[in-house]
Amino acid sequence: MAAGSALRVHAVRFGPGQELLGSLQAFVEERRLGAPFIITCVGSVTRATLRLANATATNTDEVLRLSGRYEIVSLVGTLNGDAHLHIGLADAQGATVGGHVLGDLEVFTTAEVIVGDAVDLRFSREPDPRTGFPELVVLTPA
C-alpha cells in the first residue's frame, strides 16, 4: 500500500557511549512518533551487531559482531516499535561493511541523526508468511 503524508523533522545528537538503536527508540517513544524513519545520520561507533544478507527467518545466525572504530556512512530504515534499520560502516582503511542492525551500536564520538515522521500515517509490523519476517504495514488512521 502506498500513502502520502505531511512530514515533521526532528534533529537529535547522541554522544560517546550511548547505544544508538535503543536511544533512537526511546526518542521515538518520548515524542510519540507514529511513522518515524531515518532521513540521514553521520557519526561513528565502536561496536555493532549486524544480521547479514544470507539470514532468513529460520537461519538467523548470519550475524557479524564488530568492535573497533567505524564511521557511519549510511543509516536508513523505519523506527516504529520493531525498528528495521540497515547501516553501512567504514573502517580505518575505508573498507565498508553493512547489514541489518540488531543492536550494540555504541557511539564513539557522535551520532547526528535527522528523523522524519510521516504525521498522517502509522507504521506497524506484521508477520509475512512469504518472508517469515515481520514486515512493514502502513496505516492511514481515520
# chains A, B, ... in the order shown; residues from 1 in each chain; ligands from 1
call {"tool": "closest_atom_pairs", "arguments": {"of": "region 89-113 of chain A", "to": "region 5-24 of chain A", "cutoff": "8 Å", "atoms": "only C-alpha atoms", "output": "tab-separated table"}}
result
residue	atom	partner	partner_atom	distance
A:Val101	CA	A:Leu21	CA	8.0
A:Gly103	CA	A:Leu21	CA	6.0
A:Asp104	CA	A:Glu19	CA	6.2
A:Leu105	CA	A:Glu19	CA	5.2
A:Glu106	CA	A:Glu19	CA	4.5
A:Val107	CA	A:Pro16	CA	5.0
A:Phe108	CA	A:Pro16	CA	4.9
A:Thr109	CA	A:Pro16	CA	5.0
A:Thr110	CA	A:Gly15	CA	4.8
A:Ala111	CA	A:Phe14	CA	5.1
A:Glu112	CA	A:Arg13	CA	4.4
A:Val113	CA	A:Val12	CA	5.4
call {"tool": "residues_around", "arguments": {"residues": "Asn80 (chain A)", "least_positions_apart": "6", "cutoff": "8 Å", "atoms": "only C-alpha atoms", "output": "VMD selection string"}}
result
chain A and resid 25 28 33 to 37 123 to 124
call {"tool": "atom_distance", "arguments": {"atom1": "CA of Gly81 (chain A)", "atom2": "CA of Leu50 (chain A)"}}
result
18.3 Å
call {"tool": "closest_residue", "arguments": {"among": "A:Thr96, A:Asn54, A:Thr40, A:Thr131", "to": "Leu75 (chain A)", "atoms": "only C-alpha atoms"}}
result
A:Thr40
call {"tool": "atom_distance", "arguments": {"atom1": "CA of Ala53 (chain A)", "atom2": "CA of Leu102 (chain A)"}}
result
12.8 Å
call {"tool": "residues_around", "arguments": {"residues": "Leu52 (chain A)", "least_positions_apart": "4", "cutoff": "8 Å", "atoms": "only C-alpha atoms", "output": "list in words"}}
result
Glu62, Val63, Leu64, Gly98, Gly99 and His100 of chain A
call {"tool": "write_last_selection", "arguments": {"atoms": "C-alpha atoms", "output": "PDB file, in the first residue's frame"}}
result
ATOM      1  CA  GLU A  62      24.274 -14.955   9.943  1.00  0.00           C
ATOM      2  CA  VAL A  63      25.431 -12.329  12.451  1.00  0.00           C
ATOM      3  CA  LEU A  64      28.509 -10.109  12.432  1.00  0.00           C
ATOM      4  CA  GLY A  98      26.790  -3.294   6.212  1.00  0.00           C
ATOM      5  CA  GLY A  99      23.719  -5.144   7.326  1.00  0.00           C
ATOM      6  CA  HIS A 100      20.522  -5.171   9.335  1.00  0.00           C
TER       7      HIS A 100
END
call {"tool": "atom_distance", "arguments": {"atom1": "CA of Asp82 (chain A)", "atom2": "CA of Pro134 (chain A)"}}
result
8.3 Å
call {"tool": "select_by_dssp", "arguments": {"residues": "region 23-74 of chain A", "states": "strand (DSSP E)", "output": "list in words"}}
result
Pro36, Phe37, Ile38, Ile39, Thr40, Cys41, Val42, Gly43, Ser44, Val45, Thr46, Arg47, Ala48, Thr49, Leu50, Arg51, Val63, Leu64, Arg65, Leu66, Ser67, Gly68, Arg69, Tyr70, Glu71, Ile72, Val73 and Ser74 of chain A
